[in-house]
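Participant: Handing over input-v7.pdb, PDB, C-alpha atoms, pLDDT in the B column.
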ATOM      1  CA  MET A  16     164.863 101.304 257.674  1.00 78.00           C
ATOM      2  CA  SER A  17     163.949  97.670 257.188  1.00 96.00           C
ATOM      3  CA  ARG A  18     165.025  95.901 253.982  1.00 97.00           C
ATOM      4  CA  ILE A  19     163.723  92.851 252.144  1.00 97.00           C
ATOM      5  CA  LYS A  20     165.408  90.400 249.780  1.00 97.00           C
ATOM      6  CA  VAL A  21     163.796  90.711 246.359  1.00 97.00           C
ATOM      7  CA  TYR A  22     166.010  88.717 243.988  1.00 96.00           C
ATOM      8  CA  GLU A  23     168.717  86.038 243.815  1.00 93.00           C
ATOM      9  CA  PRO A  24     170.623  86.594 240.561  1.00 92.00           C
ATOM     10  CA  ALA A  25     172.389  83.790 238.719  1.00 86.00           C
ATOM     11  CA  THR A  26     175.711  85.658 238.629  1.00 86.00           C
ATOM     12  CA  LEU A  27     177.456  88.530 240.336  1.00 87.00           C
ATOM     13  CA  ILE A  28     177.405  90.475 237.073  1.00 90.00           C
ATOM     14  CA  GLU A  29     173.633  90.108 236.840  1.00 93.00           C
ATOM     15  CA  ALA A  30     173.329  91.292 240.452  1.00 93.00           C
ATOM     16  CA  HIS A  31     175.141  94.532 239.745  1.00 95.00           C
ATOM     17  CA  LEU A  32     173.310  95.120 236.462  1.00 96.00           C
ATOM     18  CA  LEU A  33     169.941  94.673 238.169  1.00 97.00           C
ATOM     19  CA  ARG A  34     170.968  96.907 241.070  1.00 98.00           C
ATOM     20  CA  GLY A  35     171.785  99.620 238.546  1.00 98.00           C
ATOM     21  CA  MET A  36     168.489  99.107 236.747  1.00 98.00           C
ATOM     22  CA  LEU A  37     166.517  99.375 239.993  1.00 98.00           C
ATOM     23  CA  GLN A  38     168.461 102.481 240.986  1.00 98.00           C
ATOM     24  CA  GLN A  39     167.539 104.097 237.657  1.00 98.00           C
ATOM     25  CA  PHE A  40     163.912 103.726 238.754  1.00 98.00           C
ATOM     26  CA  GLY A  41     164.708 105.450 242.056  1.00 98.00           C
ATOM     27  CA  ILE A  42     164.845 102.276 244.140  1.00 98.00           C
ATOM     28  CA  GLU A  43     167.551 102.045 246.813  1.00 98.00           C
ATOM     29  CA  ALA A  44     168.797  98.579 245.807  1.00 98.00           C
ATOM     30  CA  GLU A  45     171.828  96.920 247.399  1.00 97.00           C
ATOM     31  CA  VAL A  46     173.802  93.811 246.435  1.00 96.00           C
ATOM     32  CA  HIS A  47     174.680  91.533 249.345  1.00 94.00           C
ATOM     33  CA  GLY A  48     177.199  88.699 249.410  1.00 88.00           C
ATOM     34  CA  ASP A  49     179.312  89.886 246.500  1.00 83.00           C
ATOM     35  CA  THR A  50     182.471  89.709 248.599  1.00 77.00           C
ATOM     36  CA  LEU A  51     181.765  86.042 249.370  1.00 72.00           C
ATOM     37  CA  VAL A  52     181.836  85.029 245.707  1.00 62.00           C
ATOM     38  CA  GLY A  53     185.573  85.608 245.319  1.00 60.00           C
ATOM     39  CA  GLY A  54     186.272  82.624 247.535  1.00 56.00           C
ATOM     40  CA  MET A  55     184.206  80.396 245.280  1.00 54.00           C
ATOM     41  CA  GLY A  56     185.902  81.347 242.022  1.00 57.00           C
ATOM     42  CA  GLU A  57     183.692  81.090 238.961  1.00 56.00           C
ATOM     43  CA  LEU A  58     181.344  78.506 240.447  1.00 55.00           C
ATOM     44  CA  PRO A  59     177.741  79.607 240.924  1.00 56.00           C
ATOM     45  CA  ALA A  60     177.211  80.953 244.423  1.00 54.00           C
ATOM     46  CA  ALA A  61     173.637  79.808 244.908  1.00 64.00           C
ATOM     47  CA  GLY A  62     171.943  81.770 247.652  1.00 72.00           C
ATOM     48  CA  LEU A  63     175.001  83.797 248.617  1.00 82.00           C
ATOM     49  CA  VAL A  64     174.326  86.822 246.426  1.00 90.00           C
ATOM     50  CA  PHE A  65     171.030  88.658 246.597  1.00 94.00           C
ATOM     51  CA  ILE A  66     169.492  92.075 246.065  1.00 97.00           C
ATOM     52  CA  SER A  67     167.578  93.889 248.778  1.00 98.00           C
ATOM     53  CA  VAL A  68     165.435  97.004 248.786  1.00 98.00           C
ATOM     54  CA  PRO A  69     163.658  99.012 251.499  1.00 98.00           C
ATOM     55  CA  ASN A  70     160.318  97.502 252.498  1.00 97.00           C
ATOM     56  CA  THR A  71     158.627 100.674 251.281  1.00 97.00           C
ATOM     57  CA  GLN A  72     159.879 100.031 247.728  1.00 98.00           C
ATOM     58  CA  LYS A  73     159.369  96.270 247.523  1.00 97.00           C
ATOM     59  CA  GLN A  74     156.220  96.266 245.364  1.00 98.00           C
ATOM     60  CA  GLU A  75     157.771  98.516 242.732  1.00 98.00           C
ATOM     61  CA  ALA A  76     160.988  96.461 242.789  1.00 98.00           C
ATOM     62  CA  PHE A  77     159.089  93.183 242.419  1.00 98.00           C
ATOM     63  CA  GLN A  78     157.215  94.577 239.402  1.00 97.00           C
ATOM     64  CA  ILE A  79     160.405  95.800 237.712  1.00 97.00           C
ATOM     65  CA  LEU A  80     162.143  92.478 238.328  1.00 97.00           C
ATOM     66  CA  HIS A  81     159.095  90.562 237.074  1.00 96.00           C
ATOM     67  CA  ASP A  82     159.158  92.621 233.873  1.00 95.00           C
ATOM     68  CA  TYR A  83     162.902  91.908 233.568  1.00 93.00           C
ATOM     69  CA  GLU A  84     162.385  88.157 233.929  1.00 92.00           C
ATOM     70  CA  SER A  85     159.499  88.207 231.439  1.00 92.00           C
ATOM     71  CA  SER A  86     161.558  90.004 228.816  1.00 90.00           C
ATOM     72  CA  ALA A  87     164.599  87.793 229.415  1.00 77.00           C
ATOM     73  CA  SER A  88     162.610  84.607 228.792  1.00 72.00           C
ATOM     74  CA  CYS A  89     161.334  85.703 225.372  1.00 65.00           C
TER      75      CYS A  89
END
With the file now loaded, output its structure as structure tokens.
Facilitator:
Amino acid sequence: MSRIKVYEPATLIEAHLLRGMLQQFGIEAEVHGDTLVGGMGELPAAGLVFISVPNTQKQEAFQILHDYESSASC
């Protein structure tokens, strides 16, 4: 099954929180790059950590993440 990157979180904590949120909606979300962050300490790991979902669930994931970003900016 092919996967697509749908989000680059600001922190590793945000990555795992969003993965859990997507999974609650039935989306098979995965966090990638989380093992690479340990080598960087607490510095932001821009582009190293991202969330992917199956191509078949990308539209639903994008909508959920858009709603998340919209509510976070209020």
Participant: Please determine, counting all atoms listed in the file, which residue among A:Ser85, A:Gly62, A:Glu23, A:His31 has the shortest atom-to-atom distance to Ala44 in chain A.
Facilitator: A:His31
Participant: Could you tell me which residues the PyMOL selection byres ((chain A and resi 68) around 6) grabs in this file, written as an MDAnalysis selection string?
Facilitator: chainID A and resid 18:19 43:44 67 69
Participant: Let's have the selection written as a short mmCIF file (atom, residue, chain, number, x, y, z; two decimals), keeping the file's coordinate frame, with C-alpha atoms.
Facilitator:
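Saved result, part.cif, follows:
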data_model
loop_
_atom_site.label_atom_id
_atom_site.label_comp_id
_atom_site.auth_asym_id
_atom_site.auth_seq_id
_atom_site.Cartn_x
_atom_site.Cartn_y
_atom_site.Cartn_z
CA ARG A 18 165.02 95.90 253.98
CA ILE A 19 163.72 92.85 252.14
CA GLU A 43 167.55 102.04 246.81
CA ALA A 44 168.80 98.58 245.81
CA SER A 67 167.58 93.89 248.78
CA PRO A 69 163.66 99.01 251.50
#
Participant: Pick from A:Asp49, A:Ala25, A:Leu37, A:Ile42: nearest to Thr71 in chain A, with all atoms listed in the file counted?
Facilitator: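 Going through A:Asp49, A:Ala25, A:Leu37, A:Ile42 one by one, the smallest distance to Thr71 in chain A is for A:Ile42.
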Participant: Under the rule that only C-alpha atoms are counted, which of A:Val46, A:Leu51, A:Leu63, A:Ile79 is the nearest residue to Glu29 in chain A?
Facilitator: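 Looking at the shortest contact to Glu29 in chain A, the residue is A:Val46.
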Participant: Nearest to Leu27 in chain A among A:Gln39, A:Val64, A:Leu80, A:Glu45, with distances taken over only C-alpha atoms: which residue is it?
Facilitator: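 The answer is A:Val64, which sits nearest to Leu27 in chain A.
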Participant: May I ask which of the residues A:Met16, A:Leu32, A:Gly48, A:Val21 is the closest one to Gln74 in chain A, counting only C-alpha atoms?
Facilitator: A:Val21
Participant: Return the single residue from A:Ala30, A:Gly35, A:Phe40, A:Pro24 that is closest to Gln72 in chain A, with distances computed using only C-alpha atoms.
Facilitator: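 Of A:Ala30, A:Gly35, A:Phe40, A:Pro24, the one nearest Gln72 in chain A, counting only C-alpha atoms, is A:Phe40.
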Participant: Can you sort out the box for range 26-44 of chain A, edges along x, y and z, all listed atoms in, 3 Å on every side, with centre and edge lengths in Å to one decimal, as AutoDock Vina command-line options?
Facilitator:
--center_x 170.7 --center_y 95.6 --center_z 241.6 --size_x 19.5 --size_y 25.8 --size_z 16.4
Participant: Between CA of Asn70 in chain A and CA of Ser17 in chain A, measure the distance and give it in Å to one decimal.
Facilitator: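 Value for the CA of Asn70 in chain A-CA of Ser17 in chain A distance: 5.9 Å.
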Participant: Interatomic distance between CA of Ile66 in chain A and CA of Ser88 in chain A?
Facilitator: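 Answer for the CA of Ile66 in chain A to CA of Ser88 in chain A separation: 20.0 Å.
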Participant: Just how far from CA of Lys73 in chain A is CA of Lys20 in chain A, in Å to one decimal?
Facilitator: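 Spanning CA of Lys20 in chain A to CA of Lys73 in chain A is a straight-line distance of 8.7 Å.
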